[in-house]
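See structure below.
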Amino acid sequence: MTIEEKAYSTKLTKNEKKVLEYILQNLERACYMTSNEIAKELKLGDTSVIRMAKSLGFSGYGEFKKKLALETLEKRYQKINNHLPFEKITITNSIDLKQIPELVFQNIQNNISKDQNRNEVEKYIETAKKIICAKKKYIAGFRNTYGIANYFTTILSHVIPEVIHLNAHEGFEDQAIDMDENDILILFTLPRYSQNALQVHKIAKEHKCPVIVITNQLISPVTESAAYVLVHSVDSLSFANSIVGVTLTVEILVSLISKLAGENGKKRLEKLDEYMSETGMY
């Protein structure tokens with residue numbers, strides 16, 4: 001619930017309303033002002049500012065100010081084309097250096113909350129079952145999703161066999177051409193979308209290989225005819241996409257697949273550990 005929405009259902013005093021109206025009308029300035037500075041502008045005591053924050057359900061003006069700053073940033077973000085990093089970086093440049101860590105934490109919490117509402121528990125479970133039942137598990141990610149796809153491939157291969165990483169460096173078409181209806185393609189893709197993601201999706205479709213898409217929106221270019229789509233908010237305070245939601249999905253799927261792999265997964269891990277110990281890995 002936004003600050004403005006909270007105000008609709010809260011009975012405020014005349015001075016508290018005056019404070020809130022000033023803040024909402026001067027968001028760009030007010031989100032960086034202290035309670036004393038706002039009080040001075042309105043010729044009120046700073047207790048009126050603090051009481052307003054508490055009346056709206058905040059522990060104090062500090063908590064109110066953090067929420068206000070995040071809402072202001074979200075409004076700025078909505079005005080900027082998400083696909084243009086050089087435009088997105090203006091968000092970070094407008095923030096005081098000391099505020100960035102706290103605002104990043106808040107933004108991540110917001111994104112995760114949104115993702116929980118968009119991706120139901122049952123969808124995660126069905127996705128994990130689809131993956132573990134497939135003969136071969138092809139995992140693809142290009143450019144900004146290459147790293148997460150590579151990590152997912154490595155971790156999954158610890159508990160289940162036939163996990164294959166498709167990537168542009170090694171000519172993914174050579175391996176993708178063998179996909180069929182018994183396999184699965186797990187495709188990571190975020191803005192700006194890679195042409196390679198469209199190509200590997202096209203190959204999977206032609207070979208009747210089911211596709212699981214992990215992306216930022218249902219209207220992403222590669223969601224057409226996908227078996228499952230897991231969507232994530234990638235809003236961030238910097239030029240780069242936030243990948244925390246995507247990473248969380250990977251962790252959830254790894255946990256579910258490990259559970260579903262059961263005793264076979266455990267034996268595979270034990271054998272892997274035996275080999276790793278011989279090569280000095282720890």
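Each chain of the structure tokens is named A, B, ... in the order shown, its residues numbered from 1; ligands are numbered from 1 in display order.
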
Requested in this report: Identify, on the basis of only C-alpha atoms, every residue whose closest approach to Asn36 of chain A does not exceed 9 Å; exclude the query and any residue fewer than 6 positions from it along the same chain; express the result as a list in words.
Outcome: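 With the cut-off at 9 Å, the set is Gly45, Asp46, Thr47 and Val49 of chain A.
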
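Residues in contact range of Ala168 of chain A, defined as at most 9 Å between only C-alpha atoms, with sequence neighbours fewer than 4 positions away removed, read Gly141, Phe142, Arg143, Phe172, Glu173 and Asn196 of chain A.
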
Query raised in the report: Which of these, A:Cys133, A:Val250, A:Leu260, A:Val229, has the shortest distance to Val159 of chain A once you count only C-alpha atoms?
Result: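 The closest residue to Val159 of chain A is A:Leu260.
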
Report summary line: Of A:Cys31, A:Met179, A:Ile3, A:Val163, the one nearest to Gly57 of chain A when counting only C-alpha atoms is A:Ile3

Requested in this report: Within 9 Å of Leu27 of chain A, counting only C-alpha atoms, which residues show up once you throw out same-chain ones fewer than 6 positions away? Write them as an NGL selection string, please.
Outcome: :A and (68-69 or 72)

Requested in this report: Determine which residues of segment 118-219 of chain A DSSP labels as alpha helix (DSSP H) from the backbone of this structure, then write them out as a ChimeraX atom specification.
Outcome: /A:118,121-133,146-156,172-176,195-206

Requested in this report: Determine which residues of segment 69-242 of chain A DSSP labels as strand (DSSP E or B) from the backbone of this structure, then write them out as a list in words.
Outcome: Lys137, Tyr138, Ile139, Ala140, Gly141, Val163, Ile164, His165, Leu166, Ile184, Leu185, Ile186, Leu187, Phe188, Val211, Ile212, Val213, Ile214, Thr215, Tyr228, Val229, Leu230 and Val231 of chain A

Query - Who sits within 8 Å of Asp235 of chain A, only C-alpha atoms, same chain under 4 positions skipped, as a PyMOL selection string - result: chain A and resi 77+107+111+241-242

Query raised in the report: Mind pulling up the distance from atom CA of Leu248 of chain A to atom CA of Asp180 of chain A?
Result: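 We find that atom CA of Asp180 of chain A and atom CA of Leu248 of chain A lie 28.6 Å from each other.
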
For segment 202-207 of chain A, find every residue with an atom within 9 Å (counting only C-alpha atoms), except residues of its own chain fewer than 6 positions away, and show them as a PDB file with N, CA and C atoms, in the first residue's frame.
```pdb
ATOM      1  N   GLU A 173      23.791 -24.128 -31.369  1.00  0.00           N
ATOM      2  CA  GLU A 173      22.997 -24.820 -32.394  1.00  0.00           C
ATOM      3  C   GLU A 173      23.427 -26.280 -32.557  1.00  0.00           C
ATOM      4  N   ALA A 176      21.625 -27.964 -29.660  1.00  0.00           N
ATOM      5  CA  ALA A 176      20.176 -27.748 -29.675  1.00  0.00           C
ATOM      6  C   ALA A 176      19.478 -28.546 -30.765  1.00  0.00           C
ATOM      7  N   ILE A 177      20.189 -28.860 -31.822  1.00  0.00           N
ATOM      8  CA  ILE A 177      19.587 -29.583 -32.941  1.00  0.00           C
ATOM      9  C   ILE A 177      19.107 -30.990 -32.543  1.00  0.00           C
ATOM     10  N   ASP A 178      19.627 -31.499 -31.410  1.00  0.00           N
ATOM     11  CA  ASP A 178      19.254 -32.845 -30.952  1.00  0.00           C
ATOM     12  C   ASP A 178      18.051 -32.850 -30.013  1.00  0.00           C
ATOM     13  N   MET A 179      17.485 -31.698 -29.701  1.00  0.00           N
ATOM     14  CA  MET A 179      16.339 -31.636 -28.795  1.00  0.00           C
ATOM     15  C   MET A 179      15.134 -32.343 -29.410  1.00  0.00           C
ATOM     16  N   ASP A 180      14.327 -32.989 -28.544  1.00  0.00           N
ATOM     17  CA  ASP A 180      13.075 -33.574 -29.025  1.00  0.00           C
ATOM     18  C   ASP A 180      12.008 -33.476 -27.941  1.00  0.00           C
ATOM     19  N   GLU A 181      10.852 -34.105 -28.196  1.00  0.00           N
ATOM     20  CA  GLU A 181       9.707 -33.966 -27.293  1.00  0.00           C
ATOM     21  C   GLU A 181       9.928 -34.587 -25.919  1.00  0.00           C
ATOM     22  N   ILE A 184      13.674 -31.114 -22.334  1.00  0.00           N
ATOM     23  CA  ILE A 184      13.140 -29.831 -21.858  1.00  0.00           C
ATOM     24  C   ILE A 184      14.194 -28.753 -22.094  1.00  0.00           C
ATOM     25  N   LEU A 185      13.744 -27.563 -22.468  1.00  0.00           N
ATOM     26  CA  LEU A 185      14.640 -26.413 -22.575  1.00  0.00           C
ATOM     27  C   LEU A 185      14.253 -25.419 -21.503  1.00  0.00           C
ATOM     28  N   VAL A 222       9.845 -14.624 -25.998  1.00  0.00           N
ATOM     29  CA  VAL A 222      10.004 -16.078 -26.085  1.00  0.00           C
ATOM     30  C   VAL A 222       8.987 -16.865 -25.255  1.00  0.00           C
ATOM     31  N   SER A 225       3.897 -20.213 -26.572  1.00  0.00           N
ATOM     32  CA  SER A 225       3.824 -21.683 -26.552  1.00  0.00           C
ATOM     33  C   SER A 225       4.719 -22.331 -25.493  1.00  0.00           C
ATOM     34  N   ALA A 226       5.201 -21.570 -24.516  1.00  0.00           N
ATOM     35  CA  ALA A 226       6.028 -22.142 -23.446  1.00  0.00           C
ATOM     36  C   ALA A 226       5.186 -23.022 -22.530  1.00  0.00           C
TER      37      ALA A 226
END
```

Query raised in the report: Of the candidates A:Asn264, A:Gly245, A:Leu256, A:Thr153, which one gets nearest to Lys114 of chain A if we count only C-alpha atoms?
Result: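 Distance minimum relative to Lys114 of chain A lands on A:Gly245.
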
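In this comparison, which uses only C-alpha atoms, the residue of A:Pro221, A:Pro210, A:Gly262, A:Gly62 approaching Lys137 of chain A most closely is A:Pro210.
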